file target31.tsv (TSV, C-alpha atoms)
chain	number	residue	atom	x	y	z
A	1	MET	CA	-107.52	138.24	98.14
A	2	SER	CA	-106.42	136.97	101.48
A	3	GLY	CA	-106.56	133.40	100.17
A	4	LEU	CA	-104.26	134.30	97.30
A	5	THR	CA	-101.91	136.00	99.63
A	6	ASN	CA	-101.69	132.95	101.86
A	7	ARG	CA	-101.01	130.69	98.91
A	8	SER	CA	-98.36	133.09	97.70
A	9	ASN	CA	-96.76	133.18	101.12
A	10	LYS	CA	-96.73	129.38	101.25
A	11	LYS	CA	-94.97	129.20	97.87
A	12	THR	CA	-92.42	131.72	99.06
A	13	ASP	CA	-91.90	129.79	102.27
A	14	GLY	CA	-91.48	126.53	100.32
A	15	HIS	CA	-88.89	127.99	97.98
A	16	GLY	CA	-87.08	129.44	100.96
A	17	ARG	CA	-86.96	126.14	102.73
A	18	LEU	CA	-85.72	124.37	99.57
A	19	ALA	CA	-83.03	127.00	99.10
A	20	ALA	CA	-82.00	126.67	102.73
A	21	VAL	CA	-81.80	122.86	102.45
A	22	ALA	CA	-79.83	123.13	99.22
A	23	GLY	CA	-77.47	125.55	100.90
A	24	ILE	CA	-76.95	123.21	103.79
A	25	ILE	CA	-76.26	120.27	101.45
A	26	ALA	CA	-73.84	122.33	99.37
A	27	ALA	CA	-72.05	123.44	102.50
A	28	ALA	CA	-71.88	119.86	103.73
A	29	VAL	CA	-70.45	118.71	100.39
A	30	ILE	CA	-67.84	121.46	100.49
A	31	VAL	CA	-66.93	120.58	104.06
A	32	THR	CA	-66.70	116.88	103.13
A	33	ILE	CA	-64.45	117.66	100.16
A	34	LEU	CA	-62.27	119.89	102.31
A	35	VAL	CA	-62.05	117.20	104.97
A	36	LEU	CA	-61.08	114.59	102.37
A	37	VAL	CA	-58.53	116.86	100.77
A	38	PHE	CA	-57.11	117.82	104.14
A	39	LYS	CA	-57.09	114.19	105.28
A	40	ASN	CA	-55.29	113.03	102.12
A	41	SER	CA	-52.78	115.85	102.43
A	42	VAL	CA	-52.07	115.17	106.09
A	43	TYR	CA	-51.71	111.39	105.70
A	44	TYR	CA	-49.58	111.77	102.58
A	45	SER	CA	-47.27	114.26	104.30
A	46	LEU	CA	-46.92	111.99	107.33
A	47	ALA	CA	-46.27	108.98	105.10
A	48	LEU	CA	-43.67	110.90	103.09
A	49	GLY	CA	-41.80	111.69	106.27
A	50	LYS	CA	-41.81	108.00	107.16
A	51	VAL	CA	-40.53	107.07	103.68
A	52	ARG	CA	-37.65	109.50	104.04
A	53	ASN	CA	-36.80	107.87	107.38
A	54	ASN	CA	-36.94	104.40	105.78
A	55	GLU	CA	-39.96	103.50	107.93
A	56	PHE	CA	-41.73	101.76	105.09
A	57	THR	CA	-44.27	99.61	106.95
A	58	SER	CA	-45.69	102.54	108.92
A	59	SER	CA	-45.67	104.76	105.83
A	60	LEU	CA	-47.64	102.14	103.92
A	61	SER	CA	-50.23	102.06	106.70
A	62	LEU	CA	-50.70	105.84	106.38
A	63	LEU	CA	-50.86	105.70	102.60
A	64	GLU	CA	-53.63	103.10	102.80
A	65	ARG	CA	-55.83	105.81	104.38
A	66	THR	CA	-55.55	108.05	101.33
A	67	ASP	CA	-56.90	107.71	97.83
A	68	SER	CA	-54.98	110.27	95.80
A	69	GLU	CA	-52.99	109.33	92.69
A	70	LYS	CA	-49.78	110.47	94.37
A	71	ALA	CA	-50.50	108.17	97.29
A	72	GLU	CA	-51.16	105.23	94.98
A	73	VAL	CA	-47.82	105.50	93.18
A	74	MET	CA	-46.05	106.12	96.48
A	75	LYS	CA	-47.57	102.88	97.79
A	76	ASP	CA	-46.05	101.06	94.82
A	77	TYR	CA	-42.65	102.57	95.59
A	78	VAL	CA	-42.89	101.72	99.29
A	79	SER	CA	-43.97	98.15	98.48
A	80	LEU	CA	-40.94	97.76	96.22
A	81	ARG	CA	-38.59	99.07	98.91
A	82	LEU	CA	-40.12	96.64	101.40
A	83	ASP	CA	-39.61	93.77	98.95
A	84	ILE	CA	-35.96	94.71	98.48
A	85	ASN	CA	-35.50	94.92	102.25
A	86	ARG	CA	-37.01	91.49	102.77
A	87	ASN	CA	-35.10	89.74	99.99
A	88	TYR	CA	-31.72	91.48	99.88
A	89	SER	CA	-29.95	89.15	102.32
A	90	VAL	CA	-31.39	86.08	100.61
A	91	MET	CA	-30.27	87.36	97.20
A	92	ILE	CA	-26.73	87.86	98.47
A	93	SER	CA	-26.40	84.12	99.08
A	94	SER	CA	-28.91	82.80	96.54
A	95	PHE	CA	-29.17	84.99	93.45
A	96	ASP	CA	-32.44	84.84	91.50
A	97	ILE	CA	-32.55	86.75	88.23
A	98	GLU	CA	-36.34	86.43	88.15
A	99	VAL	CA	-36.58	88.51	91.33
A	100	ILE	CA	-34.31	91.14	89.76
A	101	ASN	CA	-36.45	91.15	86.61
A	102	ASP	CA	-39.56	91.61	88.75
A	103	TRP	CA	-38.03	94.58	90.58
A	104	ASN	CA	-36.87	96.00	87.27
A	105	GLY	CA	-40.40	95.83	85.86
A	106	LYS	CA	-41.85	97.52	88.93
A	107	VAL	CA	-39.32	100.35	88.89
A	108	ASP	CA	-40.03	100.87	85.17
A	109	ALA	CA	-43.69	101.43	86.05
A	110	LEU	CA	-42.67	103.94	88.71
A	111	THR	CA	-40.41	105.75	86.27
A	112	GLU	CA	-43.35	106.27	83.93
A	113	LYS	CA	-45.01	108.35	86.68
A	114	ILE	CA	-41.87	109.97	88.02
A	115	GLU	CA	-43.48	113.42	87.91
A	116	LEU	CA	-45.85	112.41	90.73
A	117	PHE	CA	-42.96	111.90	93.17
A	118	PRO	CA	-41.04	114.52	95.17
A	119	THR	CA	-37.69	115.33	93.58
A	120	ASP	CA	-35.60	113.39	96.10
A	121	ILE	CA	-37.72	110.25	95.82
A	122	GLY	CA	-37.69	110.59	92.04
A	123	LYS	CA	-33.89	110.61	92.08
A	124	ASP	CA	-33.86	107.46	94.21
A	125	ILE	CA	-36.16	105.75	91.72
A	126	SER	CA	-33.99	106.75	88.76
A	127	ALA	CA	-30.84	105.53	90.51
A	128	LEU	CA	-32.50	102.24	91.48
A	129	SER	CA	-33.65	101.77	87.88
A	130	GLU	CA	-30.10	102.25	86.63
A	131	LYS	CA	-28.67	99.75	89.13
A	132	LEU	CA	-31.27	97.09	88.36
A	133	LYS	CA	-30.78	97.46	84.61
A	134	ASN	CA	-27.03	97.17	85.11
A	135	ILE	CA	-27.49	93.92	87.05
A	136	VAL	CA	-29.69	92.51	84.29
A	137	SER	CA	-27.26	93.62	81.58
A	138	ILE	CA	-24.13	92.23	83.26
A	139	ASN	CA	-25.85	88.92	84.03
A	140	GLU	CA	-26.86	88.62	80.38
A	141	LYS	CA	-23.29	89.36	79.28
A	142	TYR	CA	-21.99	86.65	81.59
A	143	GLN	CA	-24.32	84.08	80.06
A	144	LEU	CA	-22.90	85.01	76.64
A	145	ILE	CA	-19.28	84.51	77.76
A	146	ARG	CA	-19.84	81.51	80.03
A	147	SER	CA	-18.32	79.22	77.41
A	148	ASP	CA	-15.20	81.41	77.50
A	149	VAL	CA	-14.92	80.71	81.23
A	150	PHE	CA	-14.91	76.95	80.69
A	151	SER	CA	-12.48	77.35	77.81
A	152	ALA	CA	-10.11	79.40	79.98
A	153	LEU	CA	-10.25	76.73	82.65
A	154	ASP	CA	-9.03	74.14	80.14
A	155	VAL	CA	-5.59	75.78	80.15
A	156	PHE	CA	-4.80	74.31	83.55
A	157	ASN	CA	-4.86	70.78	82.18
A	158	GLU	CA	-2.78	71.43	79.07
A	159	LEU	CA	0.79	70.91	80.28
A	160	ASN	CA	-0.31	67.95	82.38
A	161	ARG	CA	-1.94	66.49	79.26
A	162	LEU	CA	1.37	66.72	77.40
A	163	TYR	CA	3.27	65.08	80.27
A	164	ALA	CA	0.70	62.30	80.75
A	165	VAL	CA	1.47	58.84	79.36
A	166	ASP	CA	-0.98	56.55	77.60
A	167	ALA	CA	-1.48	52.81	78.10
A	168	SER	CA	1.58	52.15	75.97
A	169	GLY	CA	3.74	54.39	78.09
A	170	ASN	CA	3.98	57.07	75.41
A	171	ARG	CA	3.34	60.76	75.81
A	172	THR	CA	1.05	62.85	73.62
A	173	THR	CA	2.52	64.18	70.39
A	174	PHE	CA	2.11	67.88	69.60
A	175	THR	CA	3.57	70.69	67.56
A	176	VAL	CA	4.83	73.98	68.92
A	177	ALA	CA	2.59	75.81	66.46
A	178	GLU	CA	-0.48	74.00	67.79
A	179	GLU	CA	0.35	74.75	71.41
A	180	ASN	CA	1.16	78.41	70.76
A	181	ALA	CA	-2.14	78.74	68.88
A	182	LYS	CA	-3.96	77.27	71.88
A	183	ALA	CA	-2.18	79.70	74.21
A	184	ALA	CA	-3.17	82.60	71.95
A	185	GLU	CA	-6.78	81.48	72.03
A	186	TRP	CA	-6.77	81.19	75.83
A	187	GLU	CA	-5.20	84.64	76.07
A	188	ASN	CA	-8.03	85.95	73.90
A	189	ARG	CA	-10.58	84.31	76.21
A	190	VAL	CA	-9.00	85.79	79.30
A	191	ASN	CA	-9.01	89.24	77.71
A	192	ILE	CA	-12.76	88.84	77.26
A	193	LEU	CA	-13.06	87.92	80.95
A	194	SER	CA	-10.89	90.85	81.98
A	195	ASP	CA	-13.07	93.25	79.99
A	196	PHE	CA	-16.17	91.71	81.58
A	197	SER	CA	-14.68	92.11	85.05
A	198	SER	CA	-14.07	95.82	84.41
A	199	GLN	CA	-17.80	96.31	83.76
A	200	ILE	CA	-18.78	95.01	87.20
A	201	PRO	CA	-18.75	97.56	90.03
A	202	GLY	CA	-15.94	96.30	92.25
A	203	GLY	CA	-15.19	93.53	89.75
A	204	ASP	CA	-11.55	93.37	90.78
A	205	THR	CA	-12.63	92.30	94.28
A	206	ILE	CA	-14.36	89.14	93.02
A	207	TYR	CA	-11.56	86.83	94.08
A	208	LEU	CA	-12.28	83.73	91.98
A	209	LEU	CA	-12.75	85.84	88.84
A	210	SER	CA	-9.56	87.82	89.44
A	211	TYR	CA	-7.68	84.61	90.25
A	212	LEU	CA	-8.86	82.93	87.06
A	213	ILE	CA	-7.77	85.90	84.96
A	214	SER	CA	-4.30	86.18	86.49
A	215	GLU	CA	-3.61	82.44	86.65
A	216	THR	CA	-4.78	81.81	83.08
A	217	ARG	CA	-2.33	84.43	81.85
A	218	SER	CA	0.40	82.86	83.96
A	219	GLU	CA	-0.36	79.39	82.63
A	220	CYS	CA	-0.32	80.65	79.04
A	221	ALA	CA	3.11	82.14	79.73
A	222	ASP	CA	4.27	78.74	81.06
A	223	ILE	CA	3.04	77.00	77.92
A	224	ARG	CA	4.87	79.48	75.69
A	225	GLU	CA	8.01	79.04	77.77
A	226	ALA	CA	7.77	75.25	77.43
A	227	MET	CA	7.38	75.60	73.66
A	228	GLN	CA	10.40	77.87	73.51
A	229	THR	CA	12.38	75.20	75.30
A	230	VAL	CA	11.29	72.68	72.65
A	231	LEU	CA	12.43	75.02	69.87
A	232	SER	CA	15.77	75.54	71.64
A	233	HIS	CA	16.43	71.82	71.16
A	234	GLY	CA	16.39	72.25	67.41
A	235	TYR	CA	12.80	71.36	66.58
A	236	THR	CA	10.68	73.51	64.28
A	237	GLU	CA	7.21	74.81	65.07
A	238	THR	CA	5.60	72.16	62.85
A	239	ASP	CA	7.60	69.12	63.98
A	240	SER	CA	5.59	66.48	65.83
A	241	VAL	CA	7.31	65.99	69.16
A	242	ARG	CA	6.79	64.52	72.60
A	243	ILE	CA	7.74	66.45	75.68
A	244	SER	CA	10.46	65.01	77.89
A	245	GLY	CA	11.30	65.27	81.55
A	246	SER	CA	8.84	65.69	84.42
A	247	GLY	CA	6.53	68.61	84.63
A	248	GLN	CA	3.21	67.52	86.13
A	249	LYS	CA	1.66	70.51	87.87
A	250	GLN	CA	-0.43	70.62	91.01
A	251	PHE	CA	-2.85	73.47	91.52
A	252	PRO	CA	-3.77	74.45	95.07
A	253	ASP	CA	-7.31	74.52	96.40
A	254	ILE	CA	-8.68	78.00	96.91
A	255	THR	CA	-11.00	78.79	99.78
A	256	ASN	CA	-13.72	81.17	98.66
A	257	SER	CA	-15.60	83.68	100.80
A	258	SER	CA	-18.11	81.06	101.95
A	259	GLY	CA	-15.30	78.75	103.15
A	260	THR	CA	-15.64	76.24	100.31
A	261	ALA	CA	-12.45	74.86	98.75
A	262	VAL	CA	-12.48	75.02	94.94
A	263	ASN	CA	-9.83	74.21	92.34
A	264	VAL	CA	-9.26	75.40	88.78
A	265	THR	CA	-8.96	71.79	87.66
A	266	ARG	CA	-12.57	71.11	88.76
A	267	LYS	CA	-14.15	73.32	86.14
A	268	GLU	CA	-17.87	73.03	86.89
A	269	GLU	CA	-17.40	73.55	90.61
A	270	TYR	CA	-15.05	76.49	90.11
A	271	GLU	CA	-17.38	78.20	87.65
A	272	GLU	CA	-20.39	77.69	89.93
A	273	TYR	CA	-18.74	79.44	92.87
A	274	MET	CA	-17.17	82.12	90.70
A	275	TYR	CA	-20.57	82.97	89.23
A	276	ALA	CA	-22.03	83.11	92.75
A	277	GLY	CA	-19.35	85.67	93.62
A	278	ILE	CA	-20.24	87.73	90.55
A	279	CYS	CA	-23.92	87.65	91.49
A	280	ARG	CA	-23.14	88.64	95.07
A	281	ALA	CA	-21.18	91.66	93.82
A	282	LEU	CA	-24.09	92.66	91.59
A	283	VAL	CA	-26.66	92.40	94.37
A	284	GLU	CA	-24.39	94.43	96.66
A	285	THR	CA	-24.82	97.38	94.29
A	286	LEU	CA	-28.32	97.61	95.81
A	287	ALA	CA	-26.93	97.96	99.33
A	288	GLY	CA	-28.02	101.60	99.48
A	289	TYR	CA	-31.63	100.44	99.15
A	290	TYR	CA	-31.37	97.94	101.98
A	291	THR	CA	-32.02	99.42	105.40
A	292	GLY	CA	-32.44	96.27	107.47
A	293	ILE	CA	-35.61	97.78	108.96
A	294	GLU	CA	-39.16	97.99	107.72
call {"tool": "encode", "arguments": {"input": "target31.tsv", "output": "structure tokens"}}
result
Amino acid sequence: MSGLTNRSNKKTDGHGRLAAVAGIIAAAVIVTILVLVFKNSVYYSLALGKVRNNEFTSSLSLLERTDSEKAEVMKDYVSLRLDINRNYSVMISSFDIEVINDWNGKVDALTEKIELFPTDIGKDISALSEKLKNIVSINEKYQLIRSDVFSALDVFNELNRLYAVDASGNRTTFTVAEENAKAAEWENRVNILSDFSSQIPGGDTIYLLSYLISETRSECADIREAMQTVLSHGYTETDSVRISGSGQKQFPDITNSSGTAVNVTRKEEYEEYMYAGICRALVETLAGYYTGIE
């Protein structure tokens, strides 16, 4: 009997030791989980404070020490903010729609997980998304009306064309109806440009665009006035006539914000710098997301 008792005691002791070991392991696992959870929570909270202070590089370093889903999406947001910080100044002077499209795609991905962000950060993401989409939309609209810009710029050569003489010493023939129709078409083009300008935040401050709109309207008025003068001499709207007198016009150079002199009679150059001004105004709508620090 004593032998049985000893064997029984050994079994009991073995089970006890196994249970004790299992308990220790379970406790260790729980402690490890708690440590990981606590660590993630602490690092995420510290990183969030850095994000709110626009300290993106240091916040990214803290987020790298965590592995929660919230931390992962926050890293994507912080990386985007860092990219905007690093490229904003460059984009002001050298617009790149591909960069804007890249940022737009990244913010779209963030928007899909907006519920993982604190409310204030979520609002920033939504506002950034709206601004980027507006930049893309306005740039696309400009590409559609670019031909209208070049057409509007043609108005500045029209009266000079009528006053110019050919190799034979003769001036160009025209009809009042033709010239008034051209003026009407240019007025239509400039209305398109004016509507476009109103869609750009601060569009009225884009000097070359505002100048083109106002001066095109003024030039159309001059053409109509010249045609009225022709009619006052007894011609009809459909008579072929040549203009008389001297009326060659000179248009002054305009110094843009970068110090470059442009002129409405040099169409390609004028359009290039005007478009740069439009792009600069669009990029400046992101100014609230540029801190100048990382």
call {"tool": "residues_around", "arguments": {"input": "target31.tsv", "residues": "Ile125 (chain A)", "least_positions_apart": "6", "cutoff": "9 Å", "atoms": "all atoms listed in the file", "output": "list in words"}}
result
Tyr77, Val107, Leu110, Thr111 and Ile114 of chain A
call {"tool": "residues_around", "arguments": {"input": "target31.tsv", "residues": "Glu55 (chain A)", "least_positions_apart": "2", "cutoff": "12 Å", "atoms": "only C-alpha atoms", "output": "list in words"}}
result
Leu46, Ala47, Leu48, Gly49, Lys50, Val51, Arg52, Asn53, Thr57, Ser58, Ser59, Leu60, Ser61, Leu62, Val78, Ser79, Arg81, Leu82, Asn85, Tyr290, Thr291, Gly292, Ile293 and Glu294 of chain A
call {"tool": "closest_residue", "arguments": {"input": "target31.tsv", "among": "A:Leu286, A:Met91, A:Ala226, A:Ile100", "to": "Ser137 (chain A)", "atoms": "all atoms listed in the file"}}
result
A:Ile100
call {"tool": "residues_around", "arguments": {"input": "target31.tsv", "residues": "Glu179 (chain A)", "least_positions_apart": "3", "cutoff": "10 Å", "atoms": "only C-alpha atoms", "output": "tab-separated table (two decimals) with C-alpha atoms, in the coordinates of the input"}}
result
chain	number	residue	atom	x	y	z
A	158	GLU	CA	-2.78	71.43	79.07
A	159	LEU	CA	0.79	70.91	80.28
A	174	PHE	CA	2.11	67.88	69.60
A	175	THR	CA	3.57	70.69	67.56
A	176	VAL	CA	4.83	73.98	68.92
A	182	LYS	CA	-3.96	77.27	71.88
A	183	ALA	CA	-2.18	79.70	74.21
A	184	ALA	CA	-3.17	82.60	71.95
A	185	GLU	CA	-6.78	81.48	72.03
A	220	CYS	CA	-0.32	80.65	79.04
A	223	ILE	CA	3.04	77.00	77.92
A	224	ARG	CA	4.87	79.48	75.69
A	226	ALA	CA	7.77	75.25	77.43
A	227	MET	CA	7.38	75.60	73.66
A	237	GLU	CA	7.21	74.81	65.07
call {"tool": "atom_distance", "arguments": {"input": "target31.tsv", "atom1": "CA of Thr119 (chain A)", "atom2": "CA of Asn40 (chain A)"}}
result
19.7 Å
call {"tool": "closest_residue", "arguments": {"input": "target31.tsv", "among": "A:Ile138, A:Ala287, A:Ala152, A:Cys279", "to": "Ser94 (chain A)", "atoms": "only C-alpha atoms"}}
result
A:Cys279
call {"tool": "atom_distance", "arguments": {"input": "target31.tsv", "atom1": "CA of Ser197 (chain A)", "atom2": "CA of Asn263 (chain A)"}}
result
19.9 Å
call {"tool": "atom_distance", "arguments": {"input": "target31.tsv", "atom1": "CA of Asn191 (chain A)", "atom2": "CA of Glu130 (chain A)"}}
result
26.3 Å
call {"tool": "closest_residue", "arguments": {"input": "target31.tsv", "among": "A:Ser257, A:Asn87, A:Thr265, A:Ser168", "to": "Gly277 (chain A)", "atoms": "only C-alpha atoms"}}
result
A:Ser257
call {"tool": "closest_residue", "arguments": {"input": "target31.tsv", "among": "A:Phe117, A:Phe150, A:Tyr44, A:Trp186", "to": "Glu272 (chain A)", "atoms": "all atoms listed in the file"}}
result
A:Phe150
call {"tool": "residues_around", "arguments": {"input": "target31.tsv", "residues": "Tyr270 (chain A)", "least_positions_apart": "3", "cutoff": "10 Å", "atoms": "only C-alpha atoms", "output": "number ranges by chain"}}
result
A: 149-150, 153, 208-209, 212, 254, 256, 261-267, 273-276
call {"tool": "write_last_selection", "arguments": {"input": "target31.tsv", "atoms": "C-alpha atoms", "output": "short mmCIF file (atom, residue, chain, number, x, y, z; two decimals), in the coordinates of the input"}}
result
data_model
loop_
_atom_site.label_atom_id
_atom_site.label_comp_id
_atom_site.auth_asym_id
_atom_site.auth_seq_id
_atom_site.Cartn_x
_atom_site.Cartn_y
_atom_site.Cartn_z
CA VAL A 149 -14.92 80.71 81.23
CA PHE A 150 -14.91 76.95 80.69
CA LEU A 153 -10.25 76.73 82.65
CA LEU A 208 -12.28 83.73 91.98
CA LEU A 209 -12.75 85.84 88.84
CA LEU A 212 -8.86 82.93 87.06
CA ILE A 254 -8.68 78.00 96.91
CA ASN A 256 -13.72 81.17 98.66
CA ALA A 261 -12.45 74.86 98.75
CA VAL A 262 -12.48 75.02 94.94
CA ASN A 263 -9.83 74.21 92.34
CA VAL A 264 -9.26 75.40 88.78
CA THR A 265 -8.96 71.79 87.66
CA ARG A 266 -12.57 71.11 88.76
CA LYS A 267 -14.15 73.32 86.14
CA TYR A 273 -18.74 79.44 92.87
CA MET A 274 -17.17 82.12 90.70
CA TYR A 275 -20.57 82.97 89.23
CA ALA A 276 -22.03 83.11 92.75
#
